[in-house]
$ cat my_file00.tsv   # TSV, C-alpha atoms
chain	number	residue	atom	x	y	z
A	20	MET	CA	128.52	111.23	102.60
A	21	THR	CA	126.86	112.96	105.53
A	22	TYR	CA	126.03	116.66	105.54
A	23	ASP	CA	124.58	118.86	108.25
A	24	ILE	CA	122.07	120.37	105.84
A	25	ILE	CA	120.87	119.25	102.45
A	26	VAL	CA	119.16	121.91	100.35
A	27	LEU	CA	116.90	120.77	97.54
A	28	GLY	CA	116.88	123.50	94.92
A	29	SER	CA	119.54	125.78	93.47
A	30	GLY	CA	117.52	128.96	92.90
A	31	PRO	CA	117.67	132.12	95.03
A	32	ALA	CA	116.04	130.48	98.10
A	33	GLY	CA	118.34	127.47	98.06
A	34	LEU	CA	121.48	129.53	97.45
A	35	ALA	CA	120.57	132.05	100.18
A	36	ALA	CA	120.02	129.12	102.55
A	37	ALA	CA	123.43	127.71	101.62
A	38	VAL	CA	125.12	131.07	102.30
A	39	ALA	CA	123.46	131.45	105.70
A	40	ALA	CA	124.25	127.87	106.73
A	41	ARG	CA	127.89	128.21	105.67
A	42	GLY	CA	127.96	131.37	107.79
A	43	ARG	CA	127.22	129.11	110.75
A	44	ASP	CA	129.91	126.69	109.59
A	45	LYS	CA	127.52	123.88	108.70
A	46	ARG	CA	128.41	121.37	106.03
A	47	VAL	CA	125.97	122.08	103.19
A	48	LEU	CA	125.04	120.20	100.04
A	49	VAL	CA	122.80	121.79	97.41
A	50	ILE	CA	121.05	119.38	95.04
A	51	GLY	CA	119.40	121.06	92.08
A	52	ALA	CA	119.43	121.94	88.43
A	53	ARG	CA	122.30	123.92	86.90
A	54	TRP	CA	121.83	127.51	88.06
A	55	GLN	CA	121.52	128.50	84.38
A	56	ASP	CA	118.37	126.34	84.19
A	57	SER	CA	116.51	128.16	86.97
A	58	PRO	CA	113.28	129.78	85.77
A	59	LEU	CA	114.77	133.10	86.96
A	60	ALA	CA	117.38	132.81	84.18
A	61	LYS	CA	114.62	133.71	81.73
A	62	ALA	CA	113.95	137.10	83.37
A	63	GLU	CA	115.28	139.79	81.06
A	64	GLN	CA	115.43	142.40	83.77
A	65	VAL	CA	114.87	142.35	87.52
A	66	ASP	CA	114.25	145.85	88.84
A	67	ASN	CA	113.05	145.29	92.37
A	68	TYR	CA	115.95	143.51	94.04
A	69	LEU	CA	117.25	145.87	96.69
A	70	GLY	CA	120.35	147.78	95.68
A	71	LEU	CA	120.89	145.91	92.41
A	72	PRO	CA	118.33	147.19	89.91
A	73	GLY	CA	118.53	146.41	86.22
A	74	ARG	CA	120.28	143.05	86.36
A	75	THR	CA	119.18	140.14	84.22
A	76	GLY	CA	117.97	137.03	85.99
A	77	LEU	CA	121.02	135.20	84.71
A	78	GLU	CA	123.39	137.80	86.17
A	79	LEU	CA	121.76	137.60	89.57
A	80	LEU	CA	121.85	133.80	89.53
A	81	GLU	CA	125.51	133.72	88.61
A	82	GLU	CA	126.41	136.05	91.46
A	83	PHE	CA	124.25	134.11	93.93
A	84	TYR	CA	125.84	130.85	92.83
A	85	ARG	CA	129.40	132.24	93.05
A	86	HIS	CA	128.66	133.60	96.51
A	87	ALA	CA	127.42	130.25	97.86
A	88	SER	CA	130.14	128.31	96.12
A	89	SER	CA	132.95	130.58	97.34
A	90	LEU	CA	131.78	130.05	100.91
A	91	GLY	CA	132.21	126.31	100.56
A	92	ALA	CA	128.71	125.03	99.82
A	93	GLU	CA	128.90	121.82	97.78
A	94	PHE	CA	126.76	121.25	94.70
A	95	ILE	CA	125.28	118.27	92.93
A	96	VAL	CA	123.57	118.89	89.60
A	97	GLY	CA	120.60	116.60	89.40
A	98	LYS	CA	117.23	116.01	90.96
A	99	ALA	CA	116.22	114.28	94.14
A	100	LEU	CA	114.50	111.09	93.04
A	101	SER	CA	113.54	109.76	96.40
A	102	LEU	CA	113.81	110.67	100.03
A	103	LEU	CA	113.71	108.67	103.24
A	104	ALA	CA	113.18	110.33	106.62
A	105	TRP	CA	114.71	107.71	108.89
A	106	ASN	CA	117.80	108.28	111.06
A	107	GLY	CA	118.09	111.74	109.54
A	108	PHE	CA	117.39	112.17	105.86
A	109	SER	CA	118.64	110.13	102.91
A	110	ILE	CA	118.24	111.42	99.40
A	111	THR	CA	118.90	109.71	96.09
A	112	ALA	CA	120.12	111.84	93.19
A	113	GLY	CA	121.23	109.90	90.14
A	114	SER	CA	122.54	106.63	91.51
A	115	GLN	CA	124.11	108.21	94.61
A	116	VAL	CA	122.71	108.43	98.13
A	117	TYR	CA	123.37	111.51	100.26
A	118	GLN	CA	122.72	111.81	103.99
A	119	GLY	CA	121.76	114.94	105.86
A	120	LYS	CA	120.71	115.80	109.41
A	121	ALA	CA	118.36	118.60	108.35
A	122	LEU	CA	116.61	119.37	105.12
A	123	ILE	CA	115.64	122.60	103.36
A	124	LEU	CA	113.12	122.33	100.55
A	125	ALA	CA	113.57	125.08	97.96
A	126	PRO	CA	112.55	123.49	94.66
A	127	GLY	CA	110.56	126.47	93.36
A	128	VAL	CA	107.15	125.96	91.84
A	129	VAL	CA	106.84	122.35	90.81
A	130	ARG	CA	103.85	122.22	88.48
A	131	GLN	CA	102.92	118.66	88.78
A	132	ALA	CA	99.47	117.91	87.45
A	133	LYS	CA	99.63	114.18	86.84
A	134	TYR	CA	98.58	112.74	83.49
A	135	PRO	CA	95.46	110.60	83.30
A	136	GLY	CA	96.48	107.01	84.12
A	137	GLU	CA	99.83	108.05	85.59
A	138	ALA	CA	99.10	107.32	89.26
A	139	GLU	CA	97.04	104.25	88.40
A	140	PHE	CA	99.91	102.60	86.50
A	141	LEU	CA	102.74	103.60	88.81
A	142	GLY	CA	104.62	100.37	89.44
A	143	ARG	CA	102.89	98.75	86.50
A	144	GLY	CA	104.74	100.45	83.68
A	145	VAL	CA	105.01	104.08	84.79
A	146	SER	CA	108.47	105.02	86.03
A	147	TYR	CA	110.21	108.21	87.11
A	148	CYS	CA	113.74	106.82	87.13
A	149	ALA	CA	115.56	105.68	83.99
A	150	THR	CA	118.68	104.57	85.87
A	151	CYS	CA	116.61	102.50	88.32
A	152	ASP	CA	114.18	100.79	86.03
A	153	GLY	CA	115.76	100.93	82.57
A	154	MET	CA	117.22	97.43	82.82
A	155	LEU	CA	113.76	95.99	83.46
A	156	TYR	CA	112.67	97.26	80.01
A	157	ARG	CA	115.55	95.95	77.89
A	158	ASN	CA	114.45	95.10	74.36
A	159	LYS	CA	110.99	96.47	75.10
A	160	PRO	CA	109.25	99.50	73.60
A	161	VAL	CA	109.13	102.47	75.97
A	162	THR	CA	108.13	106.11	75.66
A	163	VAL	CA	109.99	108.88	77.42
A	164	VAL	CA	107.97	111.94	78.35
A	165	GLY	CA	110.64	114.62	78.42
A	166	LEU	CA	109.77	117.59	80.64
A	167	ALA	CA	113.25	118.42	81.96
A	168	PRO	CA	116.46	119.71	80.34
A	169	ASP	CA	118.29	116.46	81.19
A	170	ALA	CA	115.51	114.18	79.90
A	171	PRO	CA	117.20	113.62	76.49
A	172	GLN	CA	120.29	112.21	78.26
A	173	GLU	CA	118.10	109.77	80.17
A	174	ALA	CA	116.38	108.76	76.94
A	175	ASN	CA	119.81	108.20	75.33
A	176	TYR	CA	120.75	106.02	78.32
A	177	LEU	CA	117.60	103.89	77.89
A	178	HIS	CA	118.38	103.60	74.18
A	179	SER	CA	121.95	102.44	75.00
A	180	LEU	CA	120.54	99.71	77.26
A	181	GLY	CA	118.56	98.35	74.33
A	182	CYS	CA	115.14	99.81	75.11
A	183	GLN	CA	113.14	100.79	72.01
A	184	VAL	CA	112.65	104.43	72.86
A	185	VAL	CA	110.19	106.97	71.48
A	186	TYR	CA	110.65	110.50	72.87
A	187	VAL	CA	107.56	112.60	73.47
A	188	SER	CA	107.55	116.25	74.52
A	189	PRO	CA	105.79	119.53	73.75
A	190	HIS	CA	109.04	121.10	72.43
A	191	ARG	CA	111.81	119.63	70.30
A	192	PRO	CA	114.53	118.39	72.67
A	193	GLN	CA	118.23	119.23	72.50
A	194	GLY	CA	120.82	116.50	72.73
A	195	LEU	CA	118.56	113.59	71.81
A	196	ASP	CA	120.30	110.68	70.05
A	197	GLY	CA	119.49	110.87	66.32
A	198	ASP	CA	118.32	107.22	66.33
A	199	ILE	CA	115.49	107.97	68.76
A	200	PRO	CA	112.21	108.93	67.09
A	201	TYR	CA	110.67	112.16	68.40
A	202	ARG	CA	106.94	112.89	68.68
A	203	LYS	CA	105.74	116.38	69.42
A	204	ALA	CA	102.75	116.18	71.75
A	205	GLY	CA	101.41	117.86	74.86
A	206	LYS	CA	98.14	116.14	75.71
A	207	LEU	CA	99.09	112.78	77.15
A	208	ALA	CA	97.40	109.86	78.87
A	209	VAL	CA	98.79	106.54	80.06
A	210	LYS	CA	96.78	103.58	78.80
A	211	GLY	CA	96.81	99.98	79.92
A	212	GLU	CA	95.03	96.97	81.33
A	213	THR	CA	96.84	95.21	84.16
A	214	THR	CA	100.04	96.93	83.00
A	215	VAL	CA	100.84	99.76	80.61
A	216	THR	CA	100.09	99.06	76.95
A	217	GLY	CA	100.60	102.50	75.48
A	218	LEU	CA	100.77	106.25	75.73
A	219	GLU	CA	98.11	108.36	74.10
A	220	ALA	CA	99.83	111.44	72.65
A	221	ASP	CA	97.57	114.14	71.17
A	222	GLY	CA	95.03	111.48	70.34
A	223	ALA	CA	97.41	108.95	68.74
A	224	LEU	CA	98.27	105.77	70.62
A	225	LEU	CA	101.95	104.87	70.93
A	226	PRO	CA	102.09	101.21	71.99
A	227	CYS	CA	104.70	100.56	74.70
A	228	ALA	CA	105.41	98.52	77.82
A	229	GLY	CA	106.77	101.40	79.85
A	230	VAL	CA	106.33	105.16	80.18
A	231	PHE	CA	109.18	107.14	81.75
A	232	ILE	CA	107.89	110.51	82.91
A	233	LEU	CA	110.87	112.80	83.51
A	234	ARG	CA	110.04	116.13	85.11
A	235	ARG	CA	112.30	118.92	86.35
A	236	ALA	CA	111.77	117.94	89.94
A	237	VAL	CA	109.77	115.51	92.01
A	238	ALA	CA	107.13	117.42	94.00
A	239	PRO	CA	108.09	117.70	97.69
A	240	ALA	CA	104.85	116.03	98.76
A	241	ASP	CA	105.68	113.04	96.55
A	242	LEU	CA	109.15	112.81	98.12
A	243	LEU	CA	107.77	113.17	101.65
A	244	PRO	CA	104.23	111.78	101.78
A	245	SER	CA	103.62	113.15	105.30
A	246	LEU	CA	104.50	116.74	104.33
A	247	GLU	CA	101.58	119.12	104.89
A	248	THR	CA	100.65	121.12	101.82
A	249	GLU	CA	97.68	123.17	100.76
A	250	GLU	CA	96.91	123.21	97.04
A	251	GLY	CA	100.52	122.28	96.34
A	252	ILE	CA	101.96	124.98	98.64
A	253	ILE	CA	104.08	123.78	101.56
A	254	ARG	CA	102.77	124.87	104.96
A	255	VAL	CA	105.41	126.61	107.06
A	256	ASP	CA	105.53	128.74	110.18
A	257	ARG	CA	107.45	132.00	110.70
A	258	ARG	CA	110.65	129.97	111.16
A	259	MET	CA	110.02	128.32	107.77
A	260	ALA	CA	109.57	125.02	109.60
A	261	THR	CA	107.26	122.45	107.99
A	262	ASN	CA	105.21	119.93	109.97
A	263	ILE	CA	108.10	117.44	109.85
A	264	PRO	CA	110.87	117.95	112.44
A	265	GLY	CA	114.13	118.92	110.75
A	266	VAL	CA	112.46	119.85	107.46
A	267	PHE	CA	112.26	123.51	106.44
A	268	ALA	CA	111.04	125.16	103.23
A	269	ALA	CA	111.73	128.43	101.45
A	270	GLY	CA	111.00	130.31	98.26
A	271	ASP	CA	108.26	129.85	95.69
A	272	CYS	CA	107.30	126.44	97.13
A	273	THR	CA	105.80	128.19	100.18
A	274	GLY	CA	103.60	130.46	98.05
A	275	GLY	CA	103.67	133.95	96.57
A	276	PRO	CA	104.83	136.56	95.93
A	277	LEU	CA	107.14	134.74	93.51
A	278	GLN	CA	109.92	137.29	93.92
A	279	VAL	CA	113.69	136.95	94.34
A	280	SER	CA	113.84	139.07	97.49
A	281	LYS	CA	111.13	137.03	99.21
A	282	ALA	CA	112.91	133.78	98.27
A	283	VAL	CA	116.26	135.05	99.52
A	284	GLY	CA	114.77	136.19	102.83
A	285	GLU	CA	113.01	132.89	103.38
A	286	GLY	CA	116.09	130.89	102.45
A	287	HIS	CA	118.05	132.83	105.04
A	288	VAL	CA	115.46	132.24	107.78
A	289	ALA	CA	115.09	128.56	106.86
A	290	ALA	CA	118.84	128.03	107.15
A	291	LEU	CA	119.08	129.74	110.54
A	292	SER	CA	116.17	127.65	111.80
A	293	ALA	CA	117.84	124.51	110.46
A	294	CYS	CA	121.06	125.48	112.30
A	295	GLU	CA	119.07	125.97	115.50
A	296	TYR	CA	117.48	122.54	115.00
A	297	LEU	CA	120.92	120.95	114.49
A	298	ASP	CA	122.35	122.63	117.58
A	299	SER	CA	119.50	121.38	119.76
A	300	ASN	CA	119.51	117.87	118.19
A	301	PRO	CA	123.22	117.08	117.99
B	10	MET	CA	118.13	89.04	106.35
B	11	ILE	CA	117.85	86.44	103.63
B	12	HIS	CA	119.18	86.91	100.09
B	13	PHE	CA	116.80	84.73	98.12
B	14	ASN	CA	117.50	82.77	95.00
B	15	ASN	CA	114.80	80.96	93.09
B	16	GLU	CA	115.13	77.82	95.19
B	17	THR	CA	115.23	79.40	98.66
B	18	PHE	CA	112.41	81.73	97.66
B	19	GLU	CA	110.18	78.82	96.59
B	20	LYS	CA	110.93	76.98	99.81
B	21	ALA	CA	110.10	80.00	101.99
B	22	LEU	CA	106.94	80.66	99.99
B	23	SER	CA	105.75	77.07	100.40
B	24	GLU	CA	106.02	77.39	104.18
B	25	GLY	CA	103.22	79.93	103.99
B	26	GLU	CA	104.46	82.39	106.59
B	27	LEU	CA	104.23	86.15	106.33
B	28	MET	CA	107.00	87.29	103.99
B	29	MET	CA	108.30	90.69	102.97
B	30	VAL	CA	110.58	90.65	99.94
B	31	ASP	CA	112.56	93.62	98.63
B	32	PHE	CA	113.25	93.45	94.88
B	33	TRP	CA	116.36	95.54	94.25
B	34	ALA	CA	119.53	95.96	92.20
B	35	GLU	CA	122.97	97.33	92.88
B	36	TRP	CA	122.83	100.11	90.30
B	37	CYS	CA	119.60	101.50	91.74
B	38	GLY	CA	120.18	104.47	94.08
B	39	PRO	CA	116.77	104.39	95.77
B	40	CYS	CA	117.30	100.66	96.44
B	41	GLN	CA	120.60	101.39	98.20
B	42	MET	CA	118.82	103.91	100.34
B	43	LEU	CA	115.99	101.56	101.30
B	44	GLY	CA	118.38	98.66	102.06
B	45	PRO	CA	119.32	99.60	105.64
B	46	LEU	CA	115.65	100.15	106.55
B	47	ILE	CA	114.70	96.70	105.24
B	48	GLU	CA	117.59	95.21	107.23
B	49	SER	CA	116.48	96.91	110.41
B	50	LEU	CA	112.91	95.64	109.89
B	51	ALA	CA	114.31	92.13	109.33
B	52	GLU	CA	115.93	92.31	112.76
B	53	LYS	CA	112.87	93.78	114.40
B	54	TYR	CA	110.53	91.13	112.99
B	55	GLU	CA	112.87	88.18	113.37
B	56	GLY	CA	110.82	85.09	114.25
B	57	LYS	CA	107.56	86.83	113.27
B	58	ALA	CA	107.98	87.39	109.55
B	59	VAL	CA	110.44	86.24	106.90
B	60	ILE	CA	112.12	89.32	105.48
B	61	GLY	CA	114.52	89.10	102.58
B	62	LYS	CA	115.78	90.51	99.32
B	63	VAL	CA	115.82	89.46	95.69
B	64	ASN	CA	118.53	90.85	93.43
B	65	THR	CA	116.66	91.40	90.15
B	66	ASP	CA	119.91	91.19	88.16
B	67	GLU	CA	120.67	87.70	89.41
B	68	GLU	CA	117.11	86.45	89.76
B	69	GLY	CA	115.48	88.00	86.71
B	70	GLU	CA	113.00	85.18	86.51
B	71	LEU	CA	111.57	85.91	89.96
B	72	ALA	CA	111.27	89.60	89.10
B	73	MET	CA	109.49	88.70	85.88
B	74	ARG	CA	107.14	86.21	87.54
B	75	TYR	CA	105.94	88.89	89.96
B	76	ALA	CA	105.86	91.56	87.23
B	77	VAL	CA	108.29	93.81	89.06
B	78	MET	CA	108.49	96.89	86.81
B	79	ASN	CA	110.06	99.38	89.16
B	80	ILE	CA	112.69	98.94	91.78
B	81	PRO	CA	112.66	99.03	94.67
B	82	THR	CA	109.40	97.07	94.90
B	83	VAL	CA	108.55	95.35	98.17
B	84	ILE	CA	106.08	92.46	97.92
B	85	PHE	CA	104.31	90.87	100.88
B	86	PHE	CA	103.24	87.22	100.81
B	87	LYS	CA	101.16	85.07	103.13
B	88	ASN	CA	100.09	81.46	102.66
B	89	GLY	CA	102.15	81.44	99.49
B	90	LYS	CA	100.21	84.26	97.87
B	91	GLU	CA	100.93	87.93	97.23
B	92	ILE	CA	98.87	90.04	99.63
B	93	ASP	CA	100.27	93.52	99.05
B	94	ARG	CA	103.06	95.45	97.37
B	95	LEU	CA	104.71	98.83	97.88
B	96	VAL	CA	106.47	100.48	94.94
B	97	GLY	CA	109.34	102.92	95.44
B	98	VAL	CA	110.90	104.32	98.58
B	99	MET	CA	108.29	104.48	101.32
B	100	PRO	CA	108.47	105.69	104.92
B	101	PRO	CA	109.10	103.02	107.59
B	102	ASP	CA	105.49	103.17	108.78
B	103	ALA	CA	104.18	102.02	105.41
B	104	PHE	CA	106.05	98.70	105.74
B	105	ILE	CA	105.28	98.33	109.45
B	106	GLN	CA	101.57	98.85	108.82
B	107	VAL	CA	101.35	95.99	106.32
B	108	LEU	CA	103.45	93.72	108.53
B	109	GLU	CA	101.43	94.42	111.68
B	110	LYS	CA	98.11	93.97	109.87
B	111	ASN	CA	99.13	90.51	108.69
B	112	LEU	CA	101.10	89.05	111.61
$ encode --input "my_file00.tsv" --output "structure tokens"
Amino acid sequence: MTYDIIVLGSGPAGLAAAVAARGRDKRVLVIGARWQDSPLAKAEQVDNYLGLPGRTGLELLEEFYRHASSLGAEFIVGKALSLLAWNGFSITAGSQVYQGKALILAPGVVRQAKYPGEAEFLGRGVSYCATCDGMLYRNKPVTVVGLAPDAPQEANYLHSLGCQVVYVSPHRPQGLDGDIPYRKAGKLAVKGETTVTGLEADGALLPCAGVFILRRAVAPADLLPSLETEEGIIRVDRRMATNIPGVFAAGDCTGGPLQVSKAVGEGHVAALSACEYLDSNP
Amino acid sequence: MIHFNNETFEKALSEGELMMVDFWAEWCGPCQMLGPLIESLAEKYEGKAVIGKVNTDEEGELAMRYAVMNIPTVIFFKNGKEIDRLVGVMPPDAFIQVLEKNL
């Protein structure tokens, strides 16, 4: 599946980018959460969006989504797990691989402070991908750190494979299999020797061989190690171009103000710049 | 590009040359994505390094012996010993760097 432009993020910036790119007749794929799960959906009233005062965040999102969808943008609900910039861009979401010739990053604010021990034990018991690594933990105790709306489904999947799952999150999850024990905890640390031996959750040690940390999105700089950022904010120029050719960014990920109108404007510019890039690199 | 089983892996290892081995599985999306890059490196380094793949579903014992806990994991060997490993999808340069350093 090859697209002209892949947009990571389904909030206002990503949807505005999709609309602008469809306006130039580019084939567009948006990979992101359900639009209802955007942080904007929680806004009870948005009063500063030009011409449309008084809408709820959810109303705005629904109209933005319908607009992009009616113009022929394609959508995948899920998160980009990994990205390879080689002969264009390849992106894994779920167990599928999607190809694009240009990329627009619009994931919003990805708060991504890593837990103590997380980076140290990556590859030695810490995993971000249940579908990739679940089989390697069959019949073993694992903890799932659920920080995304779809994390319970991934925990259920690990449980169905035969992993002995304990689910840990700051808030009680919805949709978790009743056979999976739940532990409410927010202060976490990965513990181990050569490999993971447990997860410390609010001071109590949960022994396990693997820790699956499932966040809303993978931070852009983790997907693209050469991406230039400053304190987590992606560096862009006036064209919304990043330091990587063919990669553009828009919305909250490029810094404040964290406002819908700013995100929409940037998404529009990013898409036009991506179209220009495609036309000069056919 | 070599698809190793236990026996061919052991044989290659005992020859002591520089090896780069991609531990993967069919149901793993990131592995599918990395596959073509590994293949292109295998062509590029033909005659200089032994580059191959291990299917962790079929060769679970090899995956276990090298404590592969995430896939894809790419392990480098020289003189029969592990010298480096890269976990997850990495840019082409990351693999090239390790190969060039150890040629």
$ residues_near_point --input "my_file00.tsv" --point "(119.7, 87.5, 92.9)" --cutoff "12 Å" --atoms "all atoms listed in the file" --output "ChimeraX atom specification"
/B:11-18,30-35,61-72
$ closest_atom_pairs --input "my_file00.tsv" --of "chain A" --to "chain B" --cutoff "7 Å" --atoms "only C-alpha atoms" --output "JSON lines"
{"residue": "A:Ser101", "atom": "CA", "partner": "B:Pro39", "partner_atom": "CA", "distance": 6.3}
{"residue": "A:Leu103", "atom": "CA", "partner": "B:Pro100", "partner_atom": "CA", "distance": 6.3}
{"residue": "A:Ala104", "atom": "CA", "partner": "B:Pro100", "partner_atom": "CA", "distance": 6.8}
{"residue": "A:Ser109", "atom": "CA", "partner": "B:Met42", "partner_atom": "CA", "distance": 6.7}
{"residue": "A:Thr111", "atom": "CA", "partner": "B:Pro39", "partner_atom": "CA", "distance": 5.7}
{"residue": "A:Gly113", "atom": "CA", "partner": "B:Gly38", "partner_atom": "CA", "distance": 6.8}
{"residue": "A:Ser114", "atom": "CA", "partner": "B:Gly38", "partner_atom": "CA", "distance": 4.1}
{"residue": "A:Gln115", "atom": "CA", "partner": "B:Gly38", "partner_atom": "CA", "distance": 5.5}
{"residue": "A:Val116", "atom": "CA", "partner": "B:Gly38", "partner_atom": "CA", "distance": 6.2}
{"residue": "A:Gly142", "atom": "CA", "partner": "B:Asn79", "partner_atom": "CA", "distance": 5.5}
{"residue": "A:Arg143", "atom": "CA", "partner": "B:Met78", "partner_atom": "CA", "distance": 5.9}
{"residue": "A:Gly144", "atom": "CA", "partner": "B:Met78", "partner_atom": "CA", "distance": 6.0}
{"residue": "A:Ser146", "atom": "CA", "partner": "B:Asn79", "partner_atom": "CA", "distance": 6.6}
{"residue": "A:Thr150", "atom": "CA", "partner": "B:Cys37", "partner_atom": "CA", "distance": 6.7}
{"residue": "A:Cys151", "atom": "CA", "partner": "B:Cys37", "partner_atom": "CA", "distance": 4.7}
{"residue": "A:Asp152", "atom": "CA", "partner": "B:Asn79", "partner_atom": "CA", "distance": 5.4}
{"residue": "A:Leu155", "atom": "CA", "partner": "B:Met78", "partner_atom": "CA", "distance": 6.3}
$ atom_distance --input "my_file00.tsv" --atom1 "CA of Phe231 (chain A)" --atom2 "CA of Gln118 (chain A)"
26.5 Å
$ atom_distance --input "my_file00.tsv" --atom1 "CA of Leu122 (chain A)" --atom2 "CA of Leu48 (chain A)"
9.9 Å
$ atom_distance --input "my_file00.tsv" --atom1 "CA of Glu285 (chain A)" --atom2 "CA of Cys272 (chain A)"
10.6 Å
$ residues_around --input "my_file00.tsv" --residues "region 89-92 of chain B" --least-positions-apart "2" --cutoff "8 Å" --atoms "all atoms listed in the file" --output "ChimeraX atom specification"
/B:22-26,84-87,94
$ build_atoms --input "my_file00.tsv" --residues "region 83-104 of chain B" --atoms "N, CA and C atoms" --output "compact mmCIF listing (two decimals), in the frame of the given file"
# COMPACT_ATOMS: atom_id res chain seq x y z
N VAL B 83 108.61 96.28 97.03
CA VAL B 83 108.55 95.35 98.17
C VAL B 83 107.22 94.60 98.11
N ILE B 84 107.30 93.27 98.03
CA ILE B 84 106.08 92.46 97.92
C ILE B 84 105.90 91.66 99.20
N PHE B 85 104.67 91.63 99.68
CA PHE B 85 104.31 90.87 100.88
C PHE B 85 103.57 89.60 100.46
N PHE B 86 103.91 88.49 101.11
CA PHE B 86 103.24 87.22 100.81
C PHE B 86 102.73 86.61 102.11
N LYS B 87 101.62 85.89 102.01
CA LYS B 87 101.16 85.07 103.13
C LYS B 87 100.45 83.86 102.55
N ASN B 88 100.62 82.72 103.17
CA ASN B 88 100.09 81.46 102.66
C ASN B 88 100.46 81.25 101.19
N GLY B 89 101.66 81.68 100.84
CA GLY B 89 102.15 81.44 99.49
C GLY B 89 101.62 82.38 98.44
N LYS B 90 100.82 83.37 98.86
CA LYS B 90 100.21 84.26 97.87
C LYS B 90 100.59 85.72 98.15
N GLU B 91 100.68 86.49 97.05
CA GLU B 91 100.93 87.93 97.23
C GLU B 91 99.73 88.58 97.90
N ILE B 92 99.98 89.35 98.98
CA ILE B 92 98.87 90.04 99.63
C ILE B 92 98.95 91.56 99.49
N ASP B 93 100.13 92.06 99.17
CA ASP B 93 100.27 93.52 99.05
C ASP B 93 101.62 93.83 98.40
N ARG B 94 101.74 95.02 97.83
CA ARG B 94 103.06 95.45 97.37
C ARG B 94 103.20 96.97 97.49
N LEU B 95 104.42 97.41 97.78
CA LEU B 95 104.71 98.83 97.88
C LEU B 95 105.80 99.15 96.87
N VAL B 96 105.54 100.15 96.02
CA VAL B 96 106.47 100.48 94.94
C VAL B 96 107.21 101.77 95.29
N GLY B 97 108.53 101.72 95.19
CA GLY B 97 109.34 102.92 95.44
C GLY B 97 109.74 103.03 96.90
N VAL B 98 110.47 104.10 97.20
CA VAL B 98 110.90 104.32 98.58
C VAL B 98 109.70 104.82 99.38
N MET B 99 109.43 104.13 100.47
CA MET B 99 108.29 104.48 101.32
C MET B 99 108.79 104.72 102.74
N PRO B 100 108.05 105.49 103.53
CA PRO B 100 108.47 105.69 104.92
C PRO B 100 108.33 104.39 105.71
N PRO B 101 109.10 104.25 106.80
CA PRO B 101 109.10 103.02 107.59
C PRO B 101 107.69 102.56 107.97
N ASP B 102 106.85 103.52 108.33
CA ASP B 102 105.49 103.17 108.78
C ASP B 102 104.70 102.40 107.74
N ALA B 103 104.94 102.68 106.47
CA ALA B 103 104.18 102.02 105.41
C ALA B 103 104.44 100.52 105.45
N PHE B 104 105.71 100.13 105.68
CA PHE B 104 106.05 98.70 105.74
C PHE B 104 105.52 98.08 107.03
